[in-house]
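One file, final_39.txt, is given below (compact mmCIF, C-alpha atoms).
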# COMPACT_ATOMS: atom_id res chain seq x y z
CA MET A 1 91.18 71.94 64.52
CA ASP A 2 94.31 72.51 66.59
CA THR A 3 97.10 74.54 64.99
CA ILE A 4 100.72 73.34 65.23
CA LEU A 5 103.64 75.59 64.27
CA ILE A 6 106.66 73.54 63.09
CA VAL A 7 110.02 75.37 63.07
CA ASP A 8 112.93 73.57 61.39
CA ASP A 9 115.61 74.63 58.91
CA ASP A 10 115.62 71.10 57.40
CA LYS A 11 113.10 70.78 54.55
CA VAL A 12 113.04 67.00 54.86
CA SER A 13 112.13 67.20 58.56
CA LEU A 14 109.43 69.76 57.81
CA SER A 15 107.94 67.60 55.10
CA ALA A 16 108.04 64.49 57.29
CA ALA A 17 106.36 66.27 60.20
CA LYS A 18 103.65 67.65 57.94
CA GLY A 19 103.04 64.21 56.44
CA VAL A 20 102.55 62.67 59.88
CA LEU A 21 100.53 65.50 61.53
CA GLY A 22 98.82 67.25 58.62
CA VAL A 23 95.96 64.78 58.49
CA SER A 24 94.76 65.56 62.07
CA TYR A 25 96.00 69.12 62.64
CA LYS A 26 96.47 72.43 60.88
CA THR A 27 100.24 72.65 60.39
CA ILE A 28 102.20 75.87 59.76
CA LEU A 29 105.76 75.32 58.45
CA VAL A 30 108.59 77.90 58.88
CA LYS A 31 112.36 77.53 58.37
CA HIS A 32 113.86 79.81 61.04
CA GLY A 33 113.16 81.54 64.33
CA GLU A 34 112.34 85.02 63.03
CA GLN A 35 109.56 83.63 60.85
CA ALA A 36 108.16 81.75 63.84
CA LEU A 37 108.17 84.87 66.02
CA ARG A 38 106.44 87.00 63.39
CA TYR A 39 103.74 84.36 62.97
CA LEU A 40 103.08 84.06 66.71
CA GLU A 41 102.87 87.83 67.15
CA SER A 42 99.69 87.95 65.05
CA ASN A 43 98.24 84.41 64.94
CA PRO A 44 96.88 81.92 67.47
CA CYS A 45 98.64 78.63 67.96
CA ASP A 46 98.11 75.53 70.12
CA LEU A 47 101.56 73.90 69.99
CA VAL A 48 105.07 74.62 68.69
CA LEU A 49 107.50 71.96 67.46
CA LEU A 50 110.86 73.72 67.63
CA ASP A 51 114.16 72.45 66.26
CA ILE A 52 117.14 73.11 68.55
CA ASN A 53 119.94 73.27 66.01
CA MET A 54 119.22 76.13 63.61
CA PRO A 55 121.53 78.83 62.17
CA GLU A 56 121.44 82.45 63.34
CA MET A 57 119.11 81.70 66.28
CA ASN A 58 118.98 78.29 67.96
CA GLY A 59 115.87 76.75 69.44
CA PHE A 60 116.63 77.79 73.03
CA GLU A 61 116.95 81.45 72.00
CA VAL A 62 113.72 81.28 70.00
CA TYR A 63 111.99 79.71 73.00
CA ASP A 64 113.05 82.61 75.28
CA ARG A 65 111.67 85.15 72.81
CA ILE A 66 108.39 83.25 72.38
CA ARG A 67 107.79 83.58 76.10
CA CYS A 68 107.96 87.40 75.74
CA ILE A 69 105.14 87.52 73.17
CA PRO A 70 101.77 88.49 74.72
CA GLY A 71 99.58 85.41 75.05
CA CYS A 72 102.43 82.95 74.48
CA ARG A 73 103.82 82.66 77.98
CA GLU A 74 102.00 79.34 78.56
CA LEU A 75 102.18 78.11 74.93
CA PRO A 76 103.41 74.47 74.98
CA VAL A 77 106.67 73.79 73.13
CA ILE A 78 108.19 70.44 72.11
CA PHE A 79 111.84 70.55 71.13
CA LEU A 80 113.06 68.61 68.07
CA THR A 81 116.63 67.34 68.15
CA ALA A 82 118.86 64.88 66.34
CA ASP A 83 121.18 64.87 69.35
CA ASN A 84 120.43 62.10 71.84
CA ASP A 85 122.88 63.46 74.41
CA ALA A 86 121.50 63.40 77.96
CA ALA A 87 122.76 66.93 78.64
CA VAL A 88 120.69 68.28 75.71
CA GLU A 89 117.62 66.43 76.98
CA THR A 90 118.16 67.90 80.45
CA GLN A 91 118.54 71.40 79.02
CA CYS A 92 115.26 71.01 77.13
CA PHE A 93 113.31 70.41 80.30
CA GLU A 94 115.24 72.98 82.34
CA THR A 95 114.45 75.59 79.69
CA GLY A 96 110.74 74.93 80.17
CA ALA A 97 109.77 72.72 77.22
CA ILE A 98 106.95 70.30 77.84
CA ASP A 99 108.64 67.45 75.89
CA PHE A 100 111.23 66.67 73.24
CA ILE A 101 111.19 64.38 70.16
CA ALA A 102 114.27 62.82 68.58
CA LYS A 103 114.91 63.04 64.85
CA PRO A 104 114.44 61.28 62.50
CA PHE A 105 110.77 61.00 63.52
CA VAL A 106 109.02 57.77 64.28
CA PRO A 107 105.45 58.50 63.06
CA SER A 108 103.66 56.69 65.91
CA VAL A 109 105.85 58.43 68.53
CA ILE A 110 105.36 61.95 67.18
CA ARG A 111 101.59 61.43 66.84
CA SER A 112 101.19 60.06 70.37
CA ARG A 113 103.36 62.73 72.01
CA VAL A 114 101.67 65.58 70.18
CA ALA A 115 98.22 64.19 71.04
CA ARG A 116 99.19 63.79 74.71
CA VAL A 117 100.59 67.33 74.96
CA LEU A 118 97.51 68.89 73.33
CA GLU A 119 95.22 66.90 75.62
CA LEU A 120 97.17 68.05 78.70
CA GLU A 121 97.09 71.64 77.46
CA LYS A 122 93.30 71.53 77.06
CA LEU A 123 93.03 70.14 80.57
CA ARG A 124 95.34 72.88 81.91
CA ILE A 125 93.28 75.59 80.22
CA SER A 126 90.06 74.09 81.55
CA LEU A 127 91.42 73.94 85.09
CA ALA A 128 92.80 77.47 84.81
CA ASP A 129 89.39 78.74 83.66
CA ARG A 130 87.62 76.94 86.51
CA LEU A 131 90.13 78.30 89.02
CA LYS A 132 89.66 81.82 87.67
CA GLN A 133 85.88 81.44 87.89
CA LYS A 134 86.06 80.15 91.47
CA THR A 135 88.48 82.91 92.43
CA GLU A 136 86.11 85.52 90.99
CA GLU A 137 83.20 83.93 92.86
CA VAL A 138 85.12 83.98 96.14
CA SER A 139 86.16 87.58 95.51
CA GLU A 140 82.54 88.50 94.80
CA ILE A 141 81.36 86.79 98.00
CA ARG A 142 84.10 88.53 100.00
CA LEU A 143 83.21 91.88 98.43
CA ARG A 144 79.51 91.43 99.25
CA ALA A 145 80.46 90.57 102.83
CA GLN A 146 82.49 93.78 103.10
CA THR A 147 80.18 96.25 101.38
CA ASP A 148 76.75 97.73 101.81
CA ALA A 149 74.34 96.21 99.28
CA LEU A 150 72.44 99.45 98.58
CA THR A 151 75.20 102.05 98.27
CA GLY A 152 78.28 99.96 97.48
CA LEU A 153 80.19 101.65 100.32
CA TRP A 154 82.26 99.59 102.76
CA ASN A 155 80.57 98.23 105.86
CA ARG A 156 81.69 98.90 109.42
CA LYS A 157 83.65 95.65 109.85
CA TYR A 158 85.83 96.35 106.81
CA THR A 159 86.24 100.01 107.76
CA GLU A 160 87.29 99.24 111.32
CA GLN A 161 89.82 96.62 110.21
CA HIS A 162 91.52 98.80 107.59
CA ALA A 163 91.33 102.02 109.59
CA ASN A 164 93.11 100.28 112.47
CA GLN A 165 95.82 99.14 110.06
CA TYR A 166 96.49 102.77 109.13
CA LEU A 167 96.39 103.91 112.75
CA GLU A 168 98.74 101.14 113.94
CA GLN A 169 101.27 102.37 111.38
CA GLY A 170 101.08 105.86 112.89
CA VAL A 171 99.37 107.38 109.86
CA PRO A 172 97.39 110.54 110.82
CA GLY A 173 93.68 109.90 110.56
CA ALA A 174 90.24 111.29 111.28
CA VAL A 175 86.74 109.87 111.56
CA MET A 176 83.80 111.85 110.22
CA MET A 177 80.48 110.56 111.54
CA ILE A 178 77.73 111.76 109.21
CA ASP A 179 74.02 111.49 109.84
CA MET A 180 71.03 112.60 107.78
CA ASP A 181 68.72 114.76 109.88
CA ASN A 182 64.99 114.00 109.70
CA PHE A 183 65.54 111.30 107.09
CA LYS A 184 62.47 109.43 108.32
CA SER A 185 60.28 112.12 106.81
CA ILE A 186 61.55 111.15 103.34
CA ASN A 187 60.36 107.56 103.84
CA ASP A 188 57.10 108.66 105.46
CA ILE A 189 56.13 111.15 102.77
CA TYR A 190 57.67 109.73 99.57
CA GLY A 191 58.09 106.04 100.34
CA HIS A 192 61.06 103.78 101.00
CA GLN A 193 62.05 103.59 97.33
CA GLU A 194 62.64 107.32 97.31
CA GLY A 195 64.40 106.95 100.66
CA ASP A 196 66.82 104.48 99.07
CA ARG A 197 67.36 106.93 96.22
CA VAL A 198 68.31 109.65 98.71
CA LEU A 199 70.72 107.29 100.48
CA MET A 200 72.42 106.48 97.15
CA MET A 201 72.54 110.20 96.37
CA PHE A 202 74.23 110.74 99.70
CA ALA A 203 76.76 107.95 99.02
CA ASP A 204 77.59 109.57 95.68
CA THR A 205 78.09 112.91 97.44
CA LEU A 206 80.61 111.29 99.79
CA ARG A 207 82.46 109.85 96.79
CA GLU A 208 82.54 113.25 95.14
CA ASN A 209 84.15 114.72 98.26
CA SER A 210 86.66 111.93 98.99
CA GLU A 211 90.29 111.21 98.28
CA LYS A 212 91.68 107.93 96.94
CA GLU A 213 92.91 106.81 100.38
CA ASP A 214 89.63 107.53 102.19
CA ILE A 215 87.44 104.71 103.44
CA LEU A 216 83.75 105.44 102.86
CA CYS A 217 81.34 103.47 105.01
CA ARG A 218 77.63 103.09 105.57
CA ILE A 219 77.12 102.22 109.23
CA GLY A 220 73.44 101.48 108.70
CA GLY A 221 70.19 103.29 108.05
CA ASP A 222 71.00 106.95 107.42
CA GLU A 223 74.33 106.87 109.30
CA PHE A 224 77.56 107.08 107.33
CA LEU A 225 81.26 107.38 108.19
CA VAL A 226 84.39 108.54 106.40
CA PHE A 227 87.83 107.55 107.60
CA VAL A 228 90.33 110.11 106.32
CA SER A 229 94.01 109.15 106.28
CA GLY A 230 97.00 111.34 105.56
CA ASN A 231 95.92 114.94 105.05
CA THR A 232 93.89 115.60 108.21
CA GLU A 233 94.47 119.31 108.73
CA ARG A 234 91.51 120.72 110.62
CA GLN A 235 90.85 123.38 107.98
CA ILE A 236 90.70 120.73 105.25
CA LEU A 237 88.38 118.53 107.32
CA ALA A 238 86.12 121.49 108.04
CA GLN A 239 85.94 122.40 104.35
CA ARG A 240 85.06 118.82 103.41
CA ALA A 241 82.37 118.57 106.08
CA GLN A 242 80.81 121.84 104.98
CA ALA A 243 80.96 120.81 101.31
CA ILE A 244 79.04 117.61 102.10
CA ILE A 245 76.42 119.54 104.07
CA ASP A 246 76.00 122.16 101.32
CA GLN A 247 75.92 119.73 98.40
CA ILE A 248 73.30 117.49 99.97
CA ALA A 249 71.17 120.55 100.70
CA GLN A 250 71.46 121.59 97.05
CA LYS A 251 70.60 118.11 95.75
CA LEU A 252 67.59 117.75 98.04
CA LYS A 253 66.35 121.16 96.97
CA ALA A 254 66.84 120.33 93.29
CA ALA A 255 64.87 117.09 93.78
CA ASP A 256 62.07 119.18 95.34
CA TYR A 257 61.71 117.14 98.52
CA GLN A 258 59.35 119.05 100.80
CA THR A 259 61.07 118.04 104.04
CA ASN A 260 63.62 119.58 106.39
CA THR A 261 66.15 116.80 105.74
CA SER A 262 69.77 117.90 106.16
CA VAL A 263 73.17 116.57 107.25
CA SER A 264 75.07 116.73 110.53
CA VAL A 265 78.74 115.80 110.99
CA GLY A 266 80.88 114.93 114.02
CA ILE A 267 84.66 114.77 113.64
CA ALA A 268 87.34 113.07 115.75
CA GLU A 269 91.06 113.32 115.00
CA ALA A 270 93.97 110.93 115.59
CA PRO A 271 96.08 110.89 117.62
CA GLY A 272 94.58 113.70 119.73
CA ASP A 273 91.18 112.06 120.21
CA GLY A 274 92.41 108.47 120.12
CA THR A 275 94.64 106.01 118.30
CA SER A 276 92.10 103.27 117.60
CA PHE A 277 89.03 103.19 115.40
CA SER A 278 86.71 102.42 118.31
CA LYS A 279 87.95 105.42 120.28
CA LEU A 280 87.69 107.78 117.31
CA TYR A 281 84.24 106.40 116.49
CA HIS A 282 83.12 107.04 120.07
CA CYS A 283 84.44 110.63 120.05
CA ALA A 284 83.03 111.45 116.61
CA ASP A 285 79.67 110.08 117.70
CA LYS A 286 79.68 112.40 120.72
CA ALA A 287 80.52 115.37 118.51
CA LEU A 288 77.70 114.37 116.15
CA TYR A 289 75.31 114.12 119.08
CA PHE A 290 76.22 117.68 120.07
CA VAL A 291 75.38 118.93 116.58
CA LYS A 292 72.07 117.07 116.59
CA GLN A 293 71.19 118.67 119.92
CA ASN A 294 72.15 122.17 118.80
CA GLY A 295 70.34 122.88 115.57
CA LYS A 296 71.61 120.19 113.17
CA LYS A 297 72.83 120.94 109.60
CA SER A 298 76.32 121.65 110.90
CA PHE A 299 79.58 120.03 112.00
CA ARG A 300 81.69 119.92 115.13
CA PHE A 301 85.13 118.69 116.18
CA PHE A 302 85.20 116.58 119.33
CA ARG A 303 87.85 118.71 121.05
CA GLU A 304 85.85 121.92 120.76
CA GLN A 305 84.59 122.60 124.25
CA TYR A 306 81.36 124.24 123.21
CA GLY A 307 79.69 125.69 120.15
CA ASN A 308 79.90 124.62 116.53
CA THR A 309 82.66 125.23 114.03
CA ASN A 310 80.13 127.01 111.86
CA SER A 311 77.66 128.13 114.50
CA ASP A 312 76.47 130.99 112.35
CA ARG A 313 75.06 128.43 109.93
CA LEU A 314 72.89 126.47 112.39
CA GLY A 315 69.59 125.39 110.97
CA THR A 316 66.15 126.32 112.28
CA ALA A 317 63.53 123.97 113.66
CA GLY A 318 59.85 124.01 114.49
CA LEU A 319 58.52 123.66 118.02
CA GLN A 320 57.21 120.14 117.41
CA GLU A 321 60.63 119.05 116.11
CA LEU A 322 62.38 120.51 119.15
CA HIS A 323 59.97 118.71 121.48
CA SER A 324 60.64 115.43 119.70
CA GLN A 325 64.40 115.96 119.91
CA ILE A 326 64.23 116.79 123.63
CA LEU A 327 62.16 113.69 124.36
CA ARG A 328 64.52 111.50 122.33
CA SER A 329 67.53 112.76 124.25
CA ASP A 330 66.15 111.55 127.61
CA SER A 331 66.06 107.75 127.58
CA GLY A 332 64.24 107.27 130.90
CA ALA A 333 63.00 108.63 134.19
CA ASN A 334 66.35 108.36 135.95
CA THR A 335 69.51 110.47 135.57
CA TYR A 336 69.64 112.69 132.49
CA MET A 337 73.05 112.18 130.82
CA THR A 338 74.27 115.02 128.64
CA ASP A 339 77.49 116.78 127.66
CA PHE A 340 79.11 119.50 129.73
CA GLY A 341 77.95 122.40 127.57
CA ILE A 342 74.27 121.58 128.01
CA PHE A 343 74.92 120.71 131.67
CA GLU A 344 76.10 124.29 132.27
CA HIS A 345 72.75 125.65 131.11
CA LEU A 346 70.86 123.20 133.31
CA TYR A 347 73.05 124.09 136.29
CA HIS A 348 72.58 127.85 135.92
CA MET A 349 68.84 127.42 135.44
CA SER A 350 68.66 125.31 138.60
CA ALA A 351 70.78 127.80 140.53
CA ARG A 352 68.35 130.61 139.69
CA ASP A 353 65.48 128.39 140.77
CA VAL A 354 67.22 127.74 144.11
CA THR A 355 67.47 131.47 144.76
CA ARG A 356 63.79 132.04 144.07
CA SER A 357 62.24 128.98 145.71
CA GLN A 358 64.77 128.09 148.42
CA ARG A 359 64.80 124.50 147.11
CA CYS A 360 67.57 122.20 148.22
CA ILE A 361 69.85 121.02 145.39
CA PHE A 362 73.11 119.15 145.81
CA SER A 363 75.86 118.76 143.26
CA VAL A 364 78.38 115.90 143.33
CA LEU A 365 81.74 115.70 141.58
CA PHE A 366 83.03 112.15 140.97
CA THR A 367 86.78 111.78 140.31
CA LEU A 368 88.50 108.63 138.99
CA ASP A 369 92.07 107.87 140.06
CA ALA A 370 92.59 105.76 136.91
CA PRO A 371 90.93 107.70 134.09
CA SER A 372 90.07 105.70 130.96
CA GLU A 373 87.26 105.43 128.45
CA GLU A 374 86.13 102.12 129.97
CA ASN A 375 86.09 103.50 133.52
CA MET A 376 84.15 106.62 132.51
CA GLU A 377 81.59 104.53 130.63
CA LEU A 378 81.18 102.32 133.70
CA LEU A 379 80.68 105.36 135.96
CA GLN A 380 78.08 106.82 133.59
CA GLN A 381 76.28 103.49 133.42
CA LEU A 382 76.11 103.18 137.21
CA ILE A 383 74.74 106.71 137.56
CA SER A 384 72.23 106.27 134.72
CA GLU A 385 70.85 103.09 136.28
CA ALA A 386 70.58 104.54 139.79
CA GLU A 387 67.16 105.55 141.16
CA MET A 388 67.79 109.31 141.33
CA HIS A 389 64.91 110.97 139.50
CA GLN A 390 65.18 114.41 137.86
CA ALA A 391 68.97 114.29 138.21
CA ALA A 392 71.41 115.45 135.52
CA ALA A 393 75.02 114.44 134.92
CA ALA A 394 77.80 115.16 132.44
CA PRO A 395 81.45 114.13 132.01
CA TYR A 396 83.80 117.04 132.61
CA SER A 397 87.00 115.27 131.54
CA ASP A 398 88.32 111.74 131.03
CA GLY A 399 88.45 111.31 134.79
CA GLN A 400 85.68 113.49 136.24
CA LEU A 401 81.90 113.58 136.08
CA ILE A 402 79.63 116.18 137.67
CA PHE A 403 76.13 115.36 138.89
CA PHE A 404 73.29 117.29 140.53
CA VAL A 405 69.89 116.32 141.85
CA PRO A 406 67.06 118.62 142.99
CA ASP A 407 64.84 118.07 146.01
CA ALA A 408 67.20 115.62 147.71
CA THR A 409 68.46 115.64 151.27
CA GLU A 410 72.11 115.73 152.17
CA ALA A 411 71.86 112.20 153.59
CA ASP A 412 70.23 110.81 150.43
CA THR A 413 72.78 112.48 148.17
CA LYS A 414 75.67 111.20 150.26
CA ALA A 415 74.25 107.68 150.34
CA PHE A 416 73.79 107.78 146.57
CA ALA A 417 77.39 108.91 145.95
CA GLU A 418 78.80 106.30 148.32
CA THR A 419 76.78 103.57 146.59
CA ILE A 420 78.10 104.62 143.19
CA CYS A 421 81.72 104.67 144.39
CA ARG A 422 81.33 101.31 146.09
CA ALA A 423 79.77 99.71 142.97
CA PHE A 424 82.50 101.24 140.82
CA GLY A 425 85.20 99.72 143.03
CA GLN A 426 83.56 96.31 142.70
CA LYS A 427 83.08 96.37 138.91
CA ALA A 428 86.03 98.36 137.57
CA ALA A 429 89.01 96.39 136.32
CA SER A 430 91.31 98.92 138.01
CA GLY A 431 91.11 102.15 139.98
CA THR A 432 88.63 103.70 142.41
CA ALA A 433 86.17 106.60 142.43
CA ALA A 434 86.03 109.48 144.93
CA PHE A 435 83.37 112.17 145.37
CA GLU A 436 82.78 115.56 146.92
CA MET A 437 79.44 117.27 147.51
CA MET A 438 78.23 120.85 147.55
CA GLN A 439 74.85 122.39 148.25
CA MET A 440 73.55 125.09 145.92
CA PRO A 441 74.20 127.94 146.36
CA GLU A 442 77.84 127.07 146.79
CA ARG A 443 78.32 125.85 150.35
CA PRO A 444 80.67 122.87 150.63
CA VAL A 445 79.11 120.27 152.90
CA TYR A 446 80.99 117.03 152.38
CA LYS A 447 84.15 115.65 150.84
CA LYS A 448 85.20 112.00 150.99
CA GLU A 449 87.46 109.62 149.15
CA THR A 450 86.19 106.04 148.89
CA LYS A 451 88.92 103.44 148.89
What is this file in structure tokens?
Amino acid sequence: MDTILIVDDDKVSLSAAKGVLGVSYKTILVKHGEQALRYLESNPCDLVLLDINMPEMNGFEVYDRIRCIPGCRELPVIFLTADNDAAVETQCFETGAIDFIAKPFVPSVIRSRVARVLELEKLRISLADRLKQKTEEVSEIRLRAQTDALTGLWNRKYTEQHANQYLEQGVPGAVMMIDMDNFKSINDIYGHQEGDRVLMMFADTLRENSEKEDILCRIGGDEFLVFVSGNTERQILAQRAQAIIDQIAQKLKAADYQTNTSVSVGIAEAPGDGTSFSKLYHCADKALYFVKQNGKKSFRFFREQYGNTNSDRLGTAGLQELHSQILRSDSGANTYMTDFGIFEHLYHMSARDVTRSQRCIFSVLFTLDAPSEENMELLQQLISEAEMHQAAAAPYSDGQLIFFVPDATEADTKAFAETICRAFGQKAASGTAAFEMMQMPERPVYKKETK
């Protein structure tokens, strides 16, 4: 049964209202505003009939205070008034009342108006509940579209969008690319259910080592990413990376997994390494690749030229693992693409071989007149796809790439370099590529700029 609170200082009006409404509704009768407010503070109510002209506190003042009571902001109110003045009627509606009834009451009028208001209120509540339910459903769908189902971390699309918002505002940021080393062995030995458990353990470890503003992301598989905004001091980033590495090692050991699973981290910083998520992602991925190629279970900043931040903590590996890693790093029979640090070792090894065997090896330095990430990626792609077997190449800077090939003639090397520069000029959106050649040991043999 609906409850109606009737507030009127006139006993006759109270009695008349109760006589008309008491048969169909639970009626609560009070004589002044303070009594009405005390009742509403601790009791539910479906409708208030509120007299305007009362001593000490008139109906408009009581109405304003009702709206401040928790849960009563939307409570429907009908004003009661013996004044038929149009200005009073206007004030009733401007105040926020849903209706007004003139006194003395006409029984059929008060019954019909009260019934109509209660019916509309039930409809409003029903619609509000349905809207809330639909809003929650939409929010849930949106959340599922933005998060990883297994770990609850954000997905890449959400992370990229919100990280770019921070970066566009000039907020300092950093991307930490994090990969679990040898995770496949967990699935192979213990099954995919245990693999999922380890991934969730890893997600929890990231949460334990994150700040409120960080964006934690699962890229896919065993690859994760943390976008750090605000406090991106290198020492702090290094401490966080090492803490993640150490804690995962401790948790895996405590769970007694008999594998060599560990964690590697690559870090890129804004604005030094880039001012967009895609650029930072690319740089952090390169730093991660370096760690994976140099012992794993460590971290590296992209701008470090060579060696790991914590090189004294590099992990150990078996011969079979090293063979697998070496084979994975070479995607085909053509040019071997690597970073400059590894390229140095290859170059020195080849130079020693030249001295002993008198083999002919040429090195080529490509230089871009419009350095950019897109142009360097295009140059690397052209070289990787070229039919130059046993060759090795590495970017030296944003605008230069060094390349060498054993057992090639000067004419073949020159023709190869000219082909690359010509193809670059045709495909690049802007800029050209030039090259110079040198035979090992160091005897310059050719230098040409291709327009």
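Distances here use all atoms listed in the file; by that measure, the residue among A:Leu5, A:Val23, A:Ala428, A:Met438 closest to Gln35 in chain A is A:Leu5.
If only C-alpha atoms are the atoms counted, then among A:Ile52, A:Ser112, A:Pro44, A:Leu288 the closest residue to Asn84 in chain A is A:Ile52.
Distance annotation: of A:Lys157, A:Gly399, A:Glu223, A:Asp181, the residue with the minimal separation from Lys296 in chain A is A:Asp181; atom set is only C-alpha atoms.
Proximity of A:Pro76, A:Val138, A:Ala415, A:Glu208 to Arg124 in chain A, computed with only C-alpha atoms, is greatest for A:Pro76.
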* Structure fact -> note - CA of Cys92 in chain A and CA of Phe60 in chain A are separated by 8.0 Å
